[in-house]
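Notes for the one structure printed next.
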Amino acid sequence: MSVRKKVATTVGAAALAFAAVLGSAGQSFAGSNGQQIHFHDTSTVVYSIRIEGYNQNGESVSGCFLTPSRDTWISGWWWRGEARVTFYRNNSCSFATYYGDTIASVPMEQSGDWTSVYS
């Protein structure tokens with residue numbers, strides 16, 4: 001095999017390994033190290049929520065999420081332990097439109113991927 005082919009093969013293998021590591025860095029296995037949040041708006045006046053808590057890596061995280069319908073699944077964010085969920089009557093998590101909040105107890109492990117939170 002020529003030197004060029006060896007270098008190309010090595011570079012390609014390294015790129016694939018790097019991509020595999022990047023692709024798995026922020027993910028959790030289903031139901032085994034945190035849960036995703038399913039928000040159900042029982043009030044029908046909540047347009048955004050802020051979730052503050054800990055992710056699957058134990059890091060403190062926070063995010064503002066739009067809630068365009070009565071049921072919103074916040075996918076791609078994995079939570080565990082206590083998470084504060086704050087409800088807002090606008091779509092920007094502005095405290096001027098604060099509606100209420102709750103503390104969700106998100107299990108580290110369960111059979112599914114979702115923990116439900118209600119307004």
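FYI, nothing fancy with the structure tokens labels: chains A, B, ... in order, residues from 1 per chain, ligands from 1 as they appear.
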Spatial neighbours of Trp79 of chain A, 8 Å, only C-alpha atoms, chain gap at least 2 places, as a PyMOL selection string: chain A and resi 34-37+53-56+77+81+83+106+108
Given only C-alpha atoms as the counted atoms, nearest of A:Asn33, A:Ser43, A:Thr72, A:Asn91 to Asn57 of chain A: A:Asn33
Neighbour list for segment 84-88 of chain A as a PyMOL selection string, cut-off 6 Å, only C-alpha atoms, skip fewer than 2 positions in-chain: chain A and resi 46+48-52+90+93+97-103
Just the selected residues (all heavy atoms), exported as a compact mmCIF listing (two decimals), in the first residue's frame, please.
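This is the output file again.txt:
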# COMPACT_ATOMS: atom_id res chain seq x y z
N VAL A 46 -49.94 29.37 29.03
CA VAL A 46 -48.48 29.35 29.09
C VAL A 46 -47.92 29.27 27.67
O VAL A 46 -48.27 28.37 26.91
CB VAL A 46 -47.98 28.17 29.95
CG1 VAL A 46 -46.46 28.09 29.91
CG2 VAL A 46 -48.48 28.30 31.38
N SER A 48 -44.35 29.93 27.17
CA SER A 48 -42.95 29.52 27.28
C SER A 48 -42.69 29.06 28.70
O SER A 48 -43.41 29.42 29.64
CB SER A 48 -41.99 30.66 26.90
OG SER A 48 -42.11 31.74 27.79
N ILE A 49 -41.66 28.23 28.83
CA ILE A 49 -41.23 27.76 30.15
C ILE A 49 -39.71 27.84 30.24
O ILE A 49 -39.02 27.74 29.23
CB ILE A 49 -41.69 26.31 30.44
CG1 ILE A 49 -41.13 25.33 29.40
CG2 ILE A 49 -43.20 26.22 30.55
CD1 ILE A 49 -41.41 23.86 29.71
N ARG A 50 -39.23 28.07 31.44
CA ARG A 50 -37.79 27.99 31.70
C ARG A 50 -37.59 26.79 32.61
O ARG A 50 -38.28 26.64 33.61
CB ARG A 50 -37.26 29.24 32.38
CG ARG A 50 -35.77 29.09 32.76
CD ARG A 50 -35.12 30.38 33.19
NE ARG A 50 -35.18 31.42 32.18
CZ ARG A 50 -34.42 31.47 31.08
NH1 ARG A 50 -33.57 30.51 30.83
NH2 ARG A 50 -34.54 32.46 30.23
N ILE A 51 -36.64 25.93 32.23
CA ILE A 51 -36.29 24.78 33.05
C ILE A 51 -34.88 24.98 33.55
O ILE A 51 -33.97 25.27 32.76
CB ILE A 51 -36.40 23.45 32.26
CG1 ILE A 51 -37.78 23.31 31.63
CG2 ILE A 51 -36.11 22.27 33.19
CD1 ILE A 51 -37.93 22.09 30.74
N GLU A 52 -34.71 24.86 34.87
CA GLU A 52 -33.39 25.00 35.49
C GLU A 52 -33.14 23.77 36.35
O GLU A 52 -34.00 23.39 37.14
CB GLU A 52 -33.35 26.25 36.38
CG GLU A 52 -33.64 27.53 35.65
CD GLU A 52 -33.84 28.69 36.60
OE1 GLU A 52 -34.98 28.89 37.04
OE2 GLU A 52 -32.84 29.36 36.91
N ASN A 90 -45.86 34.66 27.91
CA ASN A 90 -45.35 35.16 26.62
C ASN A 90 -44.37 34.14 26.07
O ASN A 90 -44.14 33.10 26.68
CB ASN A 90 -44.70 36.54 26.77
CG ASN A 90 -43.37 36.48 27.48
OD1 ASN A 90 -42.93 35.44 27.96
ND2 ASN A 90 -42.70 37.61 27.58
N CYS A 93 -39.95 33.89 28.01
CA CYS A 93 -39.57 33.64 29.40
C CYS A 93 -39.30 34.95 30.15
O CYS A 93 -38.37 35.04 30.96
CB CYS A 93 -38.36 32.71 29.49
SG CYS A 93 -38.67 31.05 28.88
N THR A 97 -44.16 38.52 32.58
CA THR A 97 -45.36 37.71 32.32
C THR A 97 -45.33 36.40 33.10
O THR A 97 -45.90 35.40 32.67
CB THR A 97 -45.48 37.42 30.81
OG1 THR A 97 -44.33 36.71 30.39
CG2 THR A 97 -45.64 38.71 30.02
N TYR A 98 -44.67 36.42 34.26
CA TYR A 98 -44.59 35.24 35.13
C TYR A 98 -45.99 34.74 35.46
O TYR A 98 -46.88 35.50 35.80
CB TYR A 98 -43.84 35.63 36.40
CG TYR A 98 -43.86 34.59 37.48
CD1 TYR A 98 -42.94 33.56 37.48
CD2 TYR A 98 -44.78 34.64 38.51
CE1 TYR A 98 -42.93 32.60 38.47
CE2 TYR A 98 -44.79 33.70 39.51
CZ TYR A 98 -43.87 32.67 39.49
OH TYR A 98 -43.88 31.72 40.48
N TYR A 99 -46.17 33.42 35.35
CA TYR A 99 -47.47 32.82 35.65
C TYR A 99 -47.41 31.90 36.87
O TYR A 99 -48.37 31.75 37.60
CB TYR A 99 -47.99 32.06 34.42
CG TYR A 99 -49.32 31.41 34.65
CD1 TYR A 99 -50.48 32.17 34.77
CD2 TYR A 99 -49.43 30.03 34.75
CE1 TYR A 99 -51.71 31.57 34.98
CE2 TYR A 99 -50.65 29.43 34.96
CZ TYR A 99 -51.79 30.20 35.08
OH TYR A 99 -53.01 29.60 35.31
N GLY A 100 -46.27 31.28 37.08
CA GLY A 100 -46.13 30.36 38.21
C GLY A 100 -44.93 29.46 37.99
O GLY A 100 -44.22 29.58 37.00
N ASP A 101 -44.71 28.56 38.93
CA ASP A 101 -43.62 27.60 38.77
C ASP A 101 -43.90 26.36 39.59
O ASP A 101 -44.82 26.33 40.40
CB ASP A 101 -42.27 28.22 39.12
CG ASP A 101 -42.19 28.73 40.54
OD1 ASP A 101 -42.60 28.01 41.48
OD2 ASP A 101 -41.72 29.86 40.73
N THR A 102 -43.08 25.36 39.36
CA THR A 102 -43.16 24.12 40.11
C THR A 102 -41.78 23.48 40.14
O THR A 102 -40.93 23.82 39.31
CB THR A 102 -44.20 23.15 39.48
OG1 THR A 102 -44.41 22.04 40.37
CG2 THR A 102 -43.74 22.63 38.13
N ILE A 103 -41.59 22.60 41.08
CA ILE A 103 -40.37 21.81 41.14
C ILE A 103 -40.73 20.41 40.66
O ILE A 103 -41.61 19.76 41.22
CB ILE A 103 -39.80 21.73 42.57
CG1 ILE A 103 -39.45 23.13 43.08
CG2 ILE A 103 -38.59 20.80 42.61
CD1 ILE A 103 -38.28 23.79 42.37
Would you pick out the contacts of His38 of chain A at 9 Å or less, using only C-alpha atoms, so that residues sharing its chain but fewer than 2 positions from it are not included, and give the list as a PDB file with all heavy atoms, in the first residue's frame?
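Writing the result to part.pdb gives the following:
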ATOM      1  N   GLN A  36     -36.194  13.316  29.609  1.00  0.00           N
ATOM      2  CA  GLN A  36     -36.597  14.508  28.886  1.00  0.00           C
ATOM      3  C   GLN A  36     -37.924  14.970  29.502  1.00  0.00           C
ATOM      4  O   GLN A  36     -38.628  14.186  30.131  1.00  0.00           O
ATOM      5  CB  GLN A  36     -36.742  14.200  27.400  1.00  0.00           C
ATOM      6  CG  GLN A  36     -35.398  13.799  26.784  1.00  0.00           C
ATOM      7  CD  GLN A  36     -35.512  13.414  25.342  1.00  0.00           C
ATOM      8  OE1 GLN A  36     -35.279  14.235  24.483  1.00  0.00           O
ATOM      9  NE2 GLN A  36     -35.864  12.182  25.076  1.00  0.00           N
ATOM     10  N   HIS A  40     -47.251  19.713  30.017  1.00  0.00           N
ATOM     11  CA  HIS A  40     -48.674  19.766  29.697  1.00  0.00           C
ATOM     12  C   HIS A  40     -49.255  21.031  30.322  1.00  0.00           C
ATOM     13  O   HIS A  40     -49.225  21.206  31.537  1.00  0.00           O
ATOM     14  CB  HIS A  40     -49.412  18.535  30.223  1.00  0.00           C
ATOM     15  CG  HIS A  40     -50.869  18.559  29.897  1.00  0.00           C
ATOM     16  ND1 HIS A  40     -51.343  18.247  28.637  1.00  0.00           N
ATOM     17  CD2 HIS A  40     -51.939  18.876  30.648  1.00  0.00           C
ATOM     18  CE1 HIS A  40     -52.661  18.372  28.636  1.00  0.00           C
ATOM     19  NE2 HIS A  40     -53.038  18.758  29.851  1.00  0.00           N
ATOM     20  N   ASP A  71     -49.466  20.291  24.797  1.00  0.00           N
ATOM     21  CA  ASP A  71     -48.429  19.304  25.088  1.00  0.00           C
ATOM     22  C   ASP A  71     -47.175  19.632  24.290  1.00  0.00           C
ATOM     23  O   ASP A  71     -47.227  19.745  23.075  1.00  0.00           O
ATOM     24  CB  ASP A  71     -48.916  17.896  24.734  1.00  0.00           C
ATOM     25  CG  ASP A  71     -49.956  17.414  25.715  1.00  0.00           C
ATOM     26  OD1 ASP A  71     -49.583  17.140  26.866  1.00  0.00           O
ATOM     27  OD2 ASP A  71     -51.140  17.325  25.338  1.00  0.00           O
ATOM     28  N   THR A  72     -46.064  19.795  25.000  1.00  0.00           N
ATOM     29  CA  THR A  72     -44.782  20.096  24.375  1.00  0.00           C
ATOM     30  C   THR A  72     -43.748  19.124  24.932  1.00  0.00           C
ATOM     31  O   THR A  72     -43.628  18.977  26.147  1.00  0.00           O
ATOM     32  CB  THR A  72     -44.347  21.539  24.688  1.00  0.00           C
ATOM     33  OG1 THR A  72     -45.367  22.437  24.239  1.00  0.00           O
ATOM     34  CG2 THR A  72     -43.041  21.880  24.001  1.00  0.00           C
ATOM     35  N   TRP A  73     -43.024  18.476  24.034  1.00  0.00           N
ATOM     36  CA  TRP A  73     -41.960  17.559  24.430  1.00  0.00           C
ATOM     37  C   TRP A  73     -40.633  18.266  24.200  1.00  0.00           C
ATOM     38  O   TRP A  73     -40.298  18.591  23.074  1.00  0.00           O
ATOM     39  CB  TRP A  73     -42.047  16.264  23.627  1.00  0.00           C
ATOM     40  CG  TRP A  73     -43.182  15.395  24.076  1.00  0.00           C
ATOM     41  CD1 TRP A  73     -43.114  14.350  24.957  1.00  0.00           C
ATOM     42  CD2 TRP A  73     -44.549  15.494  23.692  1.00  0.00           C
ATOM     43  NE1 TRP A  73     -44.362  13.797  25.133  1.00  0.00           N
ATOM     44  CE2 TRP A  73     -45.266  14.480  24.375  1.00  0.00           C
ATOM     45  CE3 TRP A  73     -45.265  16.339  22.841  1.00  0.00           C
ATOM     46  CZ2 TRP A  73     -46.626  14.286  24.226  1.00  0.00           C
ATOM     47  CZ3 TRP A  73     -46.627  16.165  22.700  1.00  0.00           C
ATOM     48  CH2 TRP A  73     -47.285  15.145  23.391  1.00  0.00           C
ATOM     49  N   ILE A  74     -39.891  18.493  25.275  1.00  0.00           N
ATOM     50  CA  ILE A  74     -38.595  19.163  25.206  1.00  0.00           C
ATOM     51  C   ILE A  74     -37.546  18.072  24.937  1.00  0.00           C
ATOM     52  O   ILE A  74     -36.983  17.496  25.860  1.00  0.00           O
ATOM     53  CB  ILE A  74     -38.272  19.918  26.513  1.00  0.00           C
ATOM     54  CG1 ILE A  74     -39.435  20.791  26.972  1.00  0.00           C
ATOM     55  CG2 ILE A  74     -36.983  20.715  26.371  1.00  0.00           C
ATOM     56  CD1 ILE A  74     -39.835  21.889  26.046  1.00  0.00           C
ATOM     57  N   SER A  75     -37.310  17.805  23.674  1.00  0.00           N
ATOM     58  CA  SER A  75     -36.386  16.727  23.332  1.00  0.00           C
ATOM     59  C   SER A  75     -34.963  17.246  23.203  1.00  0.00           C
ATOM     60  O   SER A  75     -34.733  18.424  22.955  1.00  0.00           O
ATOM     61  CB  SER A  75     -36.824  16.043  22.036  1.00  0.00           C
ATOM     62  OG  SER A  75     -36.774  16.957  20.967  1.00  0.00           O
ATOM     63  N   TRP A 114     -39.511  10.064  29.292  1.00  0.00           N
ATOM     64  CA  TRP A 114     -40.192  11.328  29.547  1.00  0.00           C
ATOM     65  C   TRP A 114     -40.730  11.408  30.971  1.00  0.00           C
ATOM     66  O   TRP A 114     -41.300  10.468  31.473  1.00  0.00           O
ATOM     67  CB  TRP A 114     -41.357  11.496  28.567  1.00  0.00           C
ATOM     68  CG  TRP A 114     -40.883  11.479  27.152  1.00  0.00           C
ATOM     69  CD1 TRP A 114     -40.830  10.404  26.306  1.00  0.00           C
ATOM     70  CD2 TRP A 114     -40.362  12.585  26.423  1.00  0.00           C
ATOM     71  NE1 TRP A 114     -40.311  10.771  25.104  1.00  0.00           N
ATOM     72  CE2 TRP A 114     -40.010  12.105  25.140  1.00  0.00           C
ATOM     73  CE3 TRP A 114     -40.154  13.924  26.715  1.00  0.00           C
ATOM     74  CZ2 TRP A 114     -39.470  12.924  24.148  1.00  0.00           C
ATOM     75  CZ3 TRP A 114     -39.612  14.739  25.741  1.00  0.00           C
ATOM     76  CH2 TRP A 114     -39.286  14.237  24.477  1.00  0.00           C
ATOM     77  N   THR A 115     -40.561  12.604  31.559  1.00  0.00           N
ATOM     78  CA  THR A 115     -41.192  12.947  32.834  1.00  0.00           C
ATOM     79  C   THR A 115     -42.144  14.089  32.551  1.00  0.00           C
ATOM     80  O   THR A 115     -41.774  15.080  31.925  1.00  0.00           O
ATOM     81  CB  THR A 115     -40.151  13.370  33.880  1.00  0.00           C
ATOM     82  OG1 THR A 115     -39.323  12.236  34.182  1.00  0.00           O
ATOM     83  CG2 THR A 115     -40.798  13.884  35.136  1.00  0.00           C
ATOM     84  N   SER A 116     -43.392  13.944  32.986  1.00  0.00           N
ATOM     85  CA  SER A 116     -44.411  14.967  32.716  1.00  0.00           C
ATOM     86  C   SER A 116     -44.436  16.022  33.806  1.00  0.00           C
ATOM     87  O   SER A 116     -44.303  15.720  34.999  1.00  0.00           O
ATOM     88  CB  SER A 116     -45.784  14.318  32.598  1.00  0.00           C
ATOM     89  OG  SER A 116     -45.840  13.507  31.447  1.00  0.00           O
ATOM     90  N   VAL A 117     -44.595  17.273  33.364  1.00  0.00           N
ATOM     91  CA  VAL A 117     -44.734  18.432  34.241  1.00  0.00           C
ATOM     92  C   VAL A 117     -46.005  19.158  33.810  1.00  0.00           C
ATOM     93  O   VAL A 117     -46.253  19.323  32.616  1.00  0.00           O
ATOM     94  CB  VAL A 117     -43.511  19.373  34.107  1.00  0.00           C
ATOM     95  CG1 VAL A 117     -43.714  20.639  34.945  1.00  0.00           C
ATOM     96  CG2 VAL A 117     -42.236  18.657  34.498  1.00  0.00           C
ATOM     97  N   TYR A 118     -46.792  19.595  34.785  1.00  0.00           N
ATOM     98  CA  TYR A 118     -48.077  20.234  34.513  1.00  0.00           C
ATOM     99  C   TYR A 118     -48.088  21.658  35.048  1.00  0.00           C
ATOM    100  O   TYR A 118     -47.535  21.929  36.099  1.00  0.00           O
ATOM    101  CB  TYR A 118     -49.209  19.443  35.162  1.00  0.00           C
ATOM    102  CG  TYR A 118     -49.267  18.015  34.689  1.00  0.00           C
ATOM    103  CD1 TYR A 118     -48.548  17.011  35.338  1.00  0.00           C
ATOM    104  CD2 TYR A 118     -50.015  17.684  33.560  1.00  0.00           C
ATOM    105  CE1 TYR A 118     -48.580  15.711  34.880  1.00  0.00           C
ATOM    106  CE2 TYR A 118     -50.050  16.374  33.098  1.00  0.00           C
ATOM    107  CZ  TYR A 118     -49.339  15.399  33.765  1.00  0.00           C
ATOM    108  OH  TYR A 118     -49.368  14.103  33.305  1.00  0.00           O
TER     109      TYR A 118
END
Point-to-point distance in Å for atom CA of Asp113 of chain A and atom CA of Leu66 of chain A: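 Computing it gives 20.0 Å between the two atoms.
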